[in-house]
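A.B. asks: What follows is a single structure, and I will ask about it in a moment.
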Amino acid sequence: MAERTETESRKLLGRLRDAMAGDDPGQERLNEITHLIASSMGCEVCSIYLFRDEDTLELCATEGLNPEAVHQTRMKMGEGLVGRVAKRRSVVNTPDAPQAPGFRYMPETGEEIYSSFLGVPIQRLGETLGVLVVQSKSAREFSADEIYALEVVAMVLAEMAELGAFVGEGAAMSARHSQPVLMRGTVGQEGVAEGHVWLHEPRVVVSNPIADDPVREEERLTEAVEQLRVSVDQMLNMAQGDKDQQQVIETYRMFANSKGWMRRMCEDIKSGLSAEAAVEKEQSLARARMSQSTDAYLRDRLSDLDDLSNRLLRILTGQGNDTGAEMPADPILVAKNIGPAELLEYGRSLKGIVLEGGSVGSHAAIVARALAIPLVVHSNRITNEALNGDHIMVDGEQGIVHLRPDDMVASAFREKIAMHAAAQVRYASILDLPAQAKCGTLISLNMNAGLMADLPSLGSSGAEGVGLFRTELQFLVRNQMPKRSELSALYARVLDAAGGKRVVFRTLDIGSDKVLPYMKPNDEPNPALGWRAIRVGLDKPGIMRMQLQALIRAANGRPLTVMFPFVAQFEEFRAARLEVDKTLAREQKLGHVLPEKVEVGAMLETPSLAFAPKKFFEEVEFLSIGGNDLKQFFFAADRENERVRRRYDTLNVSFLTFLQGIVQRCEDTTTHLSFCGEDAGRPVEALCFAAIGFRNLSMRPASIGPVKSLLRRCNLEEVREIINAARDRGEMSVRADVMAYVKAQHQS
């Protein structure tokens with residue numbers, strides 16, 4: 001960029017800073033800013049549009065258009081050239097606006113006499129706040145230097161909007177982080193919670209976006225980048241021997257030493273930005289590209305750059321993670337994402353969790369379920385919108401987050417919490433009663449677990465045992481492979497805590513969405529159908545043997561129940577069973593006490609296993625249906641893909657008929673069968689499973705009370721008749737009919 005352009009840019013930013021330094025109201029500041037930009041760029045028109053809600057832009061200030069159109073002209077996201085800039089988060093530059101694709105004529109503005117149009121998004125950290133526009137009568141295309149200068153100004157406007165410089169009347173000019181916001185996400189863990197925001201990574205606030213001395217700012221940037229490079233090198237030294245961690249840090253080092261990244265930030269500084277603002281400008285562009293990219297590899301790299309920019313901003317501003325703020329007594333954790341080990345450090349102190357990223361099968365979701373903490377994932381913009389201490393309500397039943405709710409929403413939400421609390425009292429009253437339906441059928445209700453912290457729930461929940469203990473959590477929360485002695489001690493404590501109740505230990509279920517931090521991830525086009533669970537165990541028998549030895553030693557003469565995950569073929573179960581027998585023989589030779597008895601079962605998570613030879617059902621000692629995986633394979637619908645995940649119903653007649661076939665095969669061979677997974681903990685689904693023949697269900701501890709309560713009020717024979725009648729009529733789902741029956745039982 002030419003020195004003249006840099007000087008003009010610095011002059012303009014200096015004038016903007018002066019305009020914003022006074023005590024003028026927000027509207028007058030905006031008016032002055034549009035005048036300064038128009039005169040500086042030699043344009044007849046400059047307009048600023050801000051979002052009044054997430055879908056609607058409002059003209060908030062203008063130089064050159066009809067002043068009466070201010071706060072009257074509005075348009076939807078994607079509507080007109082201004083809406084197009086906002087939707088695509090990219091520049092629109094045209095010499096003939098009326099003929100440009102998507103142009104919308106707004107007669108109240110008087111803009112029909114202006115031909116040239118240049119619009120740039122006003123954005124901060126990937127969030128679009130509005131659009132900055134300049135127009136002129138002459139038909140010309142704006143130069144690259146002019147576009148760059150306007151982008152720099154837009155970035156400063158975004159920072160000043162964040163700091164509350166443009167607060168005025170109306171929704172579009174309301175103070176940021178002050179209005180009620182409703183955000184929709186995805187249910188990661190059910191439950192409801194009210195509390196106050198605790199940011200996992202506190203926001204970095206840039207209070208000085210404009211600087212007078214570019215030489216000093218460039219020096220500050222160079223010093224900070226050098227400090228960043230040193231810290232990255234130190235991280236790399238600490239990660240010696242961990243190839244996966246080294247690979248990530250090498251990417252960090254590549255960006256930290258990138259000449260292009262440094263050059264762009266230095267150009268921003270020469271244009272008048274401070275070092276902090278230059279870093280944040282590049283970070284905002286990276287986030288905007290990240291949100292639009294469909295390439296997973298590119299998204300990961302942009303995410304690495306985003307993380308590195310945050311580190312650099314903390315060095316420049318001195319705003320570390322420890323801000324001195326005190327965690328509220330009722331913390332709701334808000335984060336872009338979080339690992340299982342970090343989440344376990346917070347433990348049960350959290351009332352709820354809201355993640356911008358994450359997934360229903362992520363490590364964080366697994367830990368949240370284990371701790372019974374309501375979790376909402378895919379809550380877009382939450383980290384940009386929330387501040388430490390904000391009032392927040394998390395509806396894990398609906399996947400909804402109310403940030404800074406108004407009194408009416410808060411009152412309705414508290415009624416929902418009170419209903420939950422009343423229900424818990426009712427469930428506690430039947431804690432010691434059996435899950436016996438009106439027809440006399442007994443259903444065994446067990447709990448899922450994965451942490452020692454889960455085990456106290458065994459008595460308080462009314463569970464008869466642990467139907468699934470996820471052993472992979474102990475591998476996921478560590479940075480290196482746990483030792484056999486550590487695992488053996490843990491499993492022994494689990495059996496001690498169970499107090500003689502049956503515990504089903506599922507062997508290591510890794511792969512797909514559960515990748516060990518110290519294990520090289522496989523680049524697979526479809527990980528859910530790839531190298532995972534028992535396939536890993538059979539290909540790496542050393543890991544399986546080590547875990548089996550730990551389990552046998554932990555039992556120390558007590559009964560032991562082992563279950564292999566993701567068995568798709570009879571041969572896989574036989575190979576795994578052979579490993580158990582070999583390990584038992586080896587342990588006996590070593591003089592270790594063998595379990596009193598050993599039960600070996602399998603998870604039925606693929607349709608193929610339902611059609612295995614009869615010999616398989618005779619040899620396997622028990623089967624547990626892994627409902628989460630089985631359902632996604634049965635419906636060919638990825639449970640991590642929101643577009644298809646909700647299209648299929650667990651109570652679909654086809655799926656229930658398929659399950660009934662499995663129940664019948666197990667009855668014919670007297671094979672112990674259970675249903676394990678999220679659906680087992682949903683009362684209506686559990687009722688239908690019991691009606692079609694399941695006598696054992698395993699779920700999260702908090703679900704046992706609601707499931708038992710409903711089972712005790714219903715007659716399974718009547719529900720079975722409802723299911724059969726719906727099937728005979730050709731219905732797609734039995735949900736509506738069963739819900740009507742359940743409602744009638746509540747009223748009776």
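Going through the structure tokens in order, the chains are called A, B, and so on, while each chain numbers its residues from 1 and the ligands are numbered from 1 in the order shown.
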Can you check which residues of region 531-647 of chain A DSSP gives as alpha helix (DSSP H) on the backbone and send them as a PyMOL selection string?
C.D. replies: chain A and resi 534-539+541-555+570-589+607-610+614-619+627-635+642-645
A.B. asks: Mind writing the picked residues with C-alpha atoms as a short mmCIF file (atom, residue, chain, number, x, y, z; two decimals), in the first residue's frame?
C.D. replies:
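Final output, saved to again_13.cif:
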data_model
loop_
_atom_site.label_atom_id
_atom_site.label_comp_id
_atom_site.auth_asym_id
_atom_site.auth_seq_id
_atom_site.Cartn_x
_atom_site.Cartn_y
_atom_site.Cartn_z
CA ILE A 534 -13.46 -53.98 19.18
CA ARG A 535 -11.76 -53.55 15.81
CA VAL A 536 -9.01 -51.56 17.53
CA GLY A 537 -8.84 -54.10 20.38
CA LEU A 538 -8.44 -57.07 18.05
CA ASP A 539 -5.85 -55.28 15.88
CA PRO A 541 -4.36 -57.09 21.31
CA GLY A 542 -1.77 -55.74 23.75
CA ILE A 543 -4.17 -52.98 24.86
CA MET A 544 -7.06 -55.44 25.19
CA ARG A 545 -4.97 -57.92 27.21
CA MET A 546 -3.70 -55.18 29.51
CA GLN A 547 -7.26 -54.06 30.23
CA LEU A 548 -8.52 -57.64 30.75
CA GLN A 549 -5.66 -58.31 33.18
CA ALA A 550 -6.55 -55.15 35.11
CA LEU A 551 -10.21 -56.23 35.32
CA ILE A 552 -9.37 -59.76 36.46
CA ARG A 553 -7.00 -58.51 39.16
CA ALA A 554 -9.55 -55.90 40.29
CA ALA A 555 -12.21 -58.61 40.71
CA PHE A 570 -19.78 -63.65 15.24
CA GLU A 571 -16.07 -64.15 14.47
CA GLU A 572 -15.19 -60.90 16.26
CA PHE A 573 -16.92 -62.04 19.43
CA ARG A 574 -15.23 -65.45 19.29
CA ALA A 575 -11.80 -63.81 18.86
CA ALA A 576 -12.45 -61.48 21.81
CA ARG A 577 -13.79 -64.35 23.94
CA LEU A 578 -10.62 -66.29 23.16
CA GLU A 579 -8.53 -63.36 24.46
CA VAL A 580 -10.50 -63.52 27.74
CA ASP A 581 -9.81 -67.24 28.09
CA LYS A 582 -6.11 -66.79 27.30
CA THR A 583 -5.81 -63.96 29.82
CA LEU A 584 -7.55 -65.99 32.52
CA ALA A 585 -5.15 -68.92 31.93
CA ARG A 586 -2.15 -66.58 32.01
CA GLU A 587 -3.31 -64.90 35.23
CA GLN A 588 -3.82 -68.30 36.86
CA LYS A 589 -0.23 -69.29 35.95
CA PRO A 607 -27.96 -54.49 12.30
CA SER A 608 -25.64 -57.27 11.05
CA LEU A 609 -25.32 -58.80 14.53
CA ALA A 610 -29.09 -59.11 14.86
CA LYS A 614 -28.16 -68.93 16.19
CA LYS A 615 -24.87 -70.30 17.52
CA PHE A 616 -23.79 -66.75 18.37
CA PHE A 617 -26.88 -66.16 20.53
CA GLU A 618 -26.20 -69.48 22.27
CA GLU A 619 -22.53 -68.70 22.98
CA GLY A 627 -29.27 -47.79 20.99
CA ASN A 628 -27.34 -44.68 19.93
CA ASP A 629 -25.25 -46.42 17.27
CA LEU A 630 -27.85 -49.02 16.29
CA LYS A 631 -30.42 -46.34 15.52
CA GLN A 632 -28.09 -44.29 13.33
CA PHE A 633 -27.06 -47.36 11.34
CA PHE A 634 -30.63 -48.65 11.06
CA PHE A 635 -31.89 -45.31 9.71
CA GLU A 642 -28.42 -32.08 12.80
CA ARG A 643 -29.94 -32.08 9.32
CA VAL A 644 -30.83 -35.76 9.52
CA ARG A 645 -30.51 -36.72 13.19
#
A.B. asks: I need the residues in region 505-726 of chain A that are strand (DSSP E) according to DSSP; give them as number ranges by chain.
C.D. replies: A: 505-506, 560-567, 598-604, 622-626, 672-676, 696-699
A.B. asks: Between A:Val504, A:Thr657, A:Asn556, A:Val394, which residue has the minimum interatomic distance to Asp728 (chain A), considering only C-alpha atoms?
C.D. replies: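 For Asp728 (chain A), the nearest of the candidates is A:Thr657.
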A.B. asks: For Ala154 (chain A), work out the shell of residues within 9 Å, counting only C-alpha atoms and skipping chain neighbours fewer than 4 positions away, then give it as a PyMOL selection string.
C.D. replies: chain A and resi 120-123+131-132+149-150+158-159
A.B. asks: Hey, can you check how far CA of Ser488 (chain A) sits from CA of Gly450 (chain A)?
C.D. replies: 14.7 Å
A.B. asks: Quick one, how far is CA of Asp395 (chain A) from CA of Val376 (chain A)?
C.D. replies: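 Separation of CA of Asp395 (chain A) and CA of Val376 (chain A): 7.8 Å.
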A.B. asks: Counting only C-alpha atoms, what is within 12 Å of Thr383 (chain A), bar same-chain residues fewer than 2 positions away, as a PyMOL selection string?
C.D. replies: chain A and resi 125-127+177+183+197-204+333-337+354-357+378-381+385-388+390+403
A.B. asks: Using C-alpha atoms, can you export the residues from the last selection as a PDB file, in the first residue's frame?
C.D. replies:
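New file selection_23.pdb:
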ATOM      1  CA  LEU A 125     -14.280 -12.124  15.845  1.00  0.00           C
ATOM      2  CA  GLY A 126     -16.435 -13.692  13.158  1.00  0.00           C
ATOM      3  CA  GLU A 127     -19.662 -11.982  14.296  1.00  0.00           C
ATOM      4  CA  HIS A 177     -24.340  -7.575  26.026  1.00  0.00           C
ATOM      5  CA  MET A 183     -30.080 -19.180  21.546  1.00  0.00           C
ATOM      6  CA  VAL A 197     -22.049 -17.185  33.264  1.00  0.00           C
ATOM      7  CA  TRP A 198     -18.502 -18.331  33.923  1.00  0.00           C
ATOM      8  CA  LEU A 199     -16.370 -17.993  30.786  1.00  0.00           C
ATOM      9  CA  HIS A 200     -13.826 -20.786  30.360  1.00  0.00           C
ATOM     10  CA  GLU A 201     -11.681 -18.329  28.380  1.00  0.00           C
ATOM     11  CA  PRO A 202     -12.336 -14.710  29.450  1.00  0.00           C
ATOM     12  CA  ARG A 203     -12.934 -12.204  26.651  1.00  0.00           C
ATOM     13  CA  VAL A 204     -10.019 -10.056  25.496  1.00  0.00           C
ATOM     14  CA  LEU A 333     -19.768 -22.753  32.085  1.00  0.00           C
ATOM     15  CA  VAL A 334     -19.643 -21.072  28.655  1.00  0.00           C
ATOM     16  CA  ALA A 335     -16.898 -22.035  26.198  1.00  0.00           C
ATOM     17  CA  LYS A 336     -16.148 -22.544  22.532  1.00  0.00           C
ATOM     18  CA  ASN A 337     -15.193 -26.100  23.403  1.00  0.00           C
ATOM     19  CA  VAL A 354     -23.085 -24.261  27.112  1.00  0.00           C
ATOM     20  CA  LEU A 355     -20.653 -24.872  24.244  1.00  0.00           C
ATOM     21  CA  GLU A 356     -20.363 -23.040  20.947  1.00  0.00           C
ATOM     22  CA  GLY A 357     -18.938 -26.164  19.339  1.00  0.00           C
ATOM     23  CA  HIS A 378     -23.818 -25.927  18.998  1.00  0.00           C
ATOM     24  CA  SER A 379     -24.949 -22.713  20.711  1.00  0.00           C
ATOM     25  CA  ASN A 380     -23.756 -20.357  18.000  1.00  0.00           C
ATOM     26  CA  ARG A 381     -22.289 -16.959  19.104  1.00  0.00           C
ATOM     27  CA  GLU A 385     -22.490 -12.606  23.413  1.00  0.00           C
ATOM     28  CA  ALA A 386     -22.006 -13.735  27.037  1.00  0.00           C
ATOM     29  CA  LEU A 387     -20.090 -11.878  29.731  1.00  0.00           C
ATOM     30  CA  ASN A 388     -18.882 -13.202  33.079  1.00  0.00           C
ATOM     31  CA  ASP A 390     -24.542 -12.665  33.083  1.00  0.00           C
ATOM     32  CA  LEU A 403     -29.068 -15.313  28.195  1.00  0.00           C
TER      33      LEU A 403
END
A.B. asks: Using only C-alpha atoms, determine which residues lie at most 12 Å from region 19-33 of chain A, disregarding the query and same-chain residues fewer than 5 positions distant; provide the list as a count of residues only.
C.D. replies: 45
A.B. asks: Counting only C-alpha atoms, figure out which residue out of A:Arg729, A:Arg88, A:Lys137, A:His420 gets nearest to Val653 (chain A).
C.D. replies: A:Arg729
A.B. asks: Figure out the distance between CA of Asp649 (chain A) and CA of Gln436 (chain A), please, to one decimal in Å.
C.D. replies: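 Interatomic distance here is 26.1 Å.
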A.B. asks: Considering only C-alpha atoms, return as an mmCIF file with N, CA and C atoms, in the first residue's frame whatever protein or nucleic-acid residues lie within 10 Å of region 279-286 of chain A, sequence-local ones (same chain, fewer than 3 positions apart) excluded.
C.D. replies:
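Contents of the output file out-v7.cif:
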data_model
loop_
_atom_site.group_PDB
_atom_site.id
_atom_site.type_symbol
_atom_site.label_atom_id
_atom_site.label_comp_id
_atom_site.auth_asym_id
_atom_site.auth_seq_id
_atom_site.Cartn_x
_atom_site.Cartn_y
_atom_site.Cartn_z
ATOM 1 N N ARG A 89 -20.665 -12.001 4.404
ATOM 2 C CA ARG A 89 -19.522 -11.489 5.164
ATOM 3 C C ARG A 89 -18.376 -11.128 4.239
ATOM 4 N N SER A 90 -18.712 -10.553 3.106
ATOM 5 C CA SER A 90 -17.688 -10.208 2.118
ATOM 6 C C SER A 90 -18.029 -8.891 1.445
ATOM 7 N N GLN A 123 -17.462 -6.364 11.329
ATOM 8 C CA GLN A 123 -17.462 -7.635 12.042
ATOM 9 C C GLN A 123 -16.351 -7.686 13.077
ATOM 10 N N ARG A 124 -16.639 -8.483 14.101
ATOM 11 C CA ARG A 124 -15.687 -8.650 15.196
ATOM 12 C C ARG A 124 -15.650 -10.115 15.597
ATOM 13 N N LEU A 125 -14.478 -10.727 15.466
ATOM 14 C CA LEU A 125 -14.280 -12.124 15.845
ATOM 15 C C LEU A 125 -15.323 -13.035 15.200
ATOM 16 N N GLY A 126 -15.543 -12.812 13.903
ATOM 17 C CA GLY A 126 -16.435 -13.692 13.158
ATOM 18 C C GLY A 126 -17.898 -13.333 13.267
ATOM 19 N N GLU A 127 -18.265 -12.383 14.137
ATOM 20 C CA GLU A 127 -19.662 -11.982 14.296
ATOM 21 C C GLU A 127 -19.905 -10.689 13.523
ATOM 22 N N THR A 128 -20.876 -10.708 12.617
ATOM 23 C CA THR A 128 -21.190 -9.523 11.832
ATOM 24 C C THR A 128 -22.129 -8.623 12.624
ATOM 25 N N GLU A 151 -12.224 -1.306 5.112
ATOM 26 C CA GLU A 151 -12.231 -2.468 6.008
ATOM 27 C C GLU A 151 -11.575 -2.128 7.351
ATOM 28 N N VAL A 152 -10.503 -1.347 7.310
ATOM 29 C CA VAL A 152 -9.845 -0.932 8.543
ATOM 30 C C VAL A 152 -10.794 -0.087 9.383
ATOM 31 N N ALA A 154 -14.061 -0.154 9.258
ATOM 32 C CA ALA A 154 -15.138 -1.034 9.733
ATOM 33 C C ALA A 154 -14.702 -1.807 10.966
ATOM 34 N N MET A 155 -13.430 -2.192 10.978
ATOM 35 C CA MET A 155 -12.931 -2.938 12.125
ATOM 36 C C MET A 155 -12.934 -2.053 13.379
ATOM 37 N N VAL A 156 -12.543 -0.790 13.226
ATOM 38 C CA VAL A 156 -12.551 0.137 14.360
ATOM 39 C C VAL A 156 -13.980 0.371 14.840
ATOM 40 N N ALA A 158 -16.404 -1.711 14.681
ATOM 41 C CA ALA A 158 -16.818 -2.915 15.413
ATOM 42 C C ALA A 158 -16.303 -2.878 16.846
ATOM 43 N N GLU A 159 -15.041 -2.466 17.013
ATOM 44 C CA GLU A 159 -14.471 -2.395 18.363
ATOM 45 C C GLU A 159 -15.184 -1.340 19.205
ATOM 46 N N VAL A 204 -11.073 -11.062 25.592
ATOM 47 C CA VAL A 204 -10.019 -10.056 25.496
ATOM 48 C C VAL A 204 -10.665 -8.788 24.939
ATOM 49 N N VAL A 206 -10.235 -5.058 23.470
ATOM 50 C CA VAL A 206 -9.298 -4.107 22.870
ATOM 51 C C VAL A 206 -9.869 -2.714 23.059
ATOM 52 N N PRO A 209 -8.192 0.691 19.822
ATOM 53 C CA PRO A 209 -8.053 0.197 18.447
ATOM 54 C C PRO A 209 -7.228 1.110 17.536
ATOM 55 N N LEU A 221 4.254 -5.234 18.524
ATOM 56 C CA LEU A 221 3.810 -6.463 17.872
ATOM 57 C C LEU A 221 4.975 -7.445 17.717
ATOM 58 N N TRP A 261 1.386 -13.590 7.669
ATOM 59 C CA TRP A 261 0.571 -13.163 8.812
ATOM 60 C C TRP A 261 1.149 -11.891 9.423
ATOM 61 N N MET A 262 2.472 -11.898 9.617
ATOM 62 C CA MET A 262 3.146 -10.736 10.210
ATOM 63 C C MET A 262 3.040 -9.533 9.281
ATOM 64 N N ARG A 264 0.735 -8.800 7.037
ATOM 65 C CA ARG A 264 -0.624 -8.244 7.015
ATOM 66 C C ARG A 264 -0.901 -7.423 8.276
ATOM 67 N N MET A 265 -0.441 -7.910 9.417
ATOM 68 C CA MET A 265 -0.661 -7.157 10.667
ATOM 69 C C MET A 265 0.136 -5.854 10.658
ATOM 70 N N CYS A 266 1.321 -5.870 10.109
ATOM 71 C CA CYS A 266 2.124 -4.638 10.029
ATOM 72 C C CYS A 266 1.469 -3.626 9.096
ATOM 73 N N ASP A 268 -1.719 -3.358 8.635
ATOM 74 C CA ASP A 268 -2.851 -2.827 9.406
ATOM 75 C C ASP A 268 -2.378 -1.730 10.364
ATOM 76 N N ILE A 269 -1.215 -1.945 10.977
ATOM 77 C CA ILE A 269 -0.668 -0.951 11.913
ATOM 78 C C ILE A 269 -0.312 0.330 11.166
ATOM 79 N N LEU A 273 -4.036 1.295 12.868
ATOM 80 C CA LEU A 273 -4.543 0.437 13.942
ATOM 81 C C LEU A 273 -3.470 0.202 14.992
ATOM 82 N N SER A 274 -3.912 -0.076 16.214
ATOM 83 C CA SER A 274 -2.976 -0.503 17.262
ATOM 84 C C SER A 274 -2.564 -1.940 16.993
ATOM 85 N N ALA A 275 -1.532 -2.386 17.687
ATOM 86 C CA ALA A 275 -1.076 -3.777 17.507
ATOM 87 C C ALA A 275 -2.193 -4.758 17.837
ATOM 88 N N GLU A 276 -2.930 -4.480 18.943
ATOM 89 C CA GLU A 276 -4.025 -5.372 19.350
ATOM 90 C C GLU A 276 -5.107 -5.433 18.279
ATOM 91 N N ARG A 289 -13.770 -16.781 7.556
ATOM 92 C CA ARG A 289 -13.467 -17.833 6.575
ATOM 93 C C ARG A 289 -13.766 -19.209 7.162
ATOM 94 N N MET A 290 -13.471 -19.371 8.461
ATOM 95 C CA MET A 290 -13.693 -20.655 9.122
ATOM 96 C C MET A 290 -15.175 -21.016 9.119
ATOM 97 N N SER A 291 -16.034 -20.021 9.354
ATOM 98 C CA SER A 291 -17.471 -20.296 9.432
ATOM 99 C C SER A 291 -18.052 -20.672 8.087
ATOM 100 N N ARG A 299 -10.763 -25.836 8.216
ATOM 101 C CA ARG A 299 -11.391 -25.336 9.451
ATOM 102 C C ARG A 299 -10.483 -25.564 10.649
ATOM 103 N N ARG A 301 -7.208 -25.782 10.610
ATOM 104 C CA ARG A 301 -6.058 -24.871 10.541
ATOM 105 C C ARG A 301 -6.460 -23.446 10.926
ATOM 106 N N LEU A 302 -7.632 -23.000 10.461
ATOM 107 C CA LEU A 302 -8.108 -21.674 10.831
ATOM 108 C C LEU A 302 -8.387 -21.597 12.326
ATOM 109 N N SER A 303 -8.852 -22.709 12.894
ATOM 110 C CA SER A 303 -9.082 -22.770 14.335
ATOM 111 C C SER A 303 -7.766 -22.647 15.094
ATOM 112 N N ASP A 304 -6.701 -23.284 14.563
ATOM 113 C CA ASP A 304 -5.377 -23.152 15.171
ATOM 114 C C ASP A 304 -4.919 -21.692 15.144
ATOM 115 N N LEU A 305 -5.154 -21.015 14.002
ATOM 116 C CA LEU A 305 -4.772 -19.610 13.874
ATOM 117 C C LEU A 305 -5.571 -18.744 14.850
ATOM 118 N N ASP A 306 -6.843 -19.077 15.024
ATOM 119 C CA ASP A 306 -7.702 -18.355 15.957
ATOM 120 C C ASP A 306 -7.162 -18.485 17.380
ATOM 121 N N ASP A 307 -6.778 -19.702 17.760
ATOM 122 C CA ASP A 307 -6.240 -19.938 19.102
ATOM 123 C C ASP A 307 -4.924 -19.195 19.295
ATOM 124 N N LEU A 308 -4.093 -19.207 18.265
ATOM 125 C CA LEU A 308 -2.804 -18.518 18.355
ATOM 126 C C LEU A 308 -3.006 -17.006 18.472
ATOM 127 N N SER A 309 -3.994 -16.473 17.749
ATOM 128 C CA SER A 309 -4.302 -15.035 17.840
ATOM 129 C C SER A 309 -4.734 -14.668 19.250
ATOM 130 N N ASN A 310 -5.533 -15.539 19.886
ATOM 131 C CA ASN A 310 -5.937 -15.280 21.270
ATOM 132 C C ASN A 310 -4.726 -15.210 22.190
ATOM 133 N N LEU A 312 -1.704 -14.371 21.354
ATOM 134 C CA LEU A 312 -0.972 -13.145 21.055
ATOM 135 C C LEU A 312 -1.679 -11.928 21.666
ATOM 136 N N LEU A 313 -3.015 -11.912 21.597
ATOM 137 C CA LEU A 313 -3.778 -10.798 22.190
ATOM 138 C C LEU A 313 -3.580 -10.734 23.698
ATOM 139 N N LEU A 316 -0.255 -9.088 24.336
ATOM 140 C CA LEU A 316 -0.269 -7.651 24.054
ATOM 141 C C LEU A 316 -1.057 -6.859 25.092
#
A.B. asks: Which of these, A:Leu455, A:Cys439, A:Ala736, A:Ile147, has the shortest distance to Met41 (chain A) once you count only C-alpha atoms?
C.D. replies: A:Ile147
A.B. asks: Hey, what's within 12 Å of Phe611 (chain A) if we count only C-alpha atoms and toss same-chain stuff fewer than 6 positions away? As an MDAnalysis selection string, please?
C.D. replies: chainID A and resid 568:570 604 617 658:659 661:662 664:666
A.B. asks: Point out the residue among A:Ser359, A:Ser207, A:Ser349, A:Thr317 with the least atom-to-atom distance to Asn641 (chain A), counting only C-alpha atoms.
C.D. replies: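 Among the listed residues, the smallest separation from Asn641 (chain A) belongs to A:Ser359.
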A.B. asks: Pick from A:Glu58, A:Glu605, A:Glu718, A:Asp96: nearest to Glu79 (chain A), with only C-alpha atoms counted?
C.D. replies: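 The shortest atom-to-atom distance to Glu79 (chain A) comes from A:Glu58.
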A.B. asks: Under the rule that only C-alpha atoms are counted, which of A:Leu468, A:Phe475, A:Ser703, A:Arg558 is the nearest residue to Ile625 (chain A)?
C.D. replies: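 For Ile625 (chain A), the nearest of the candidates is A:Leu468.
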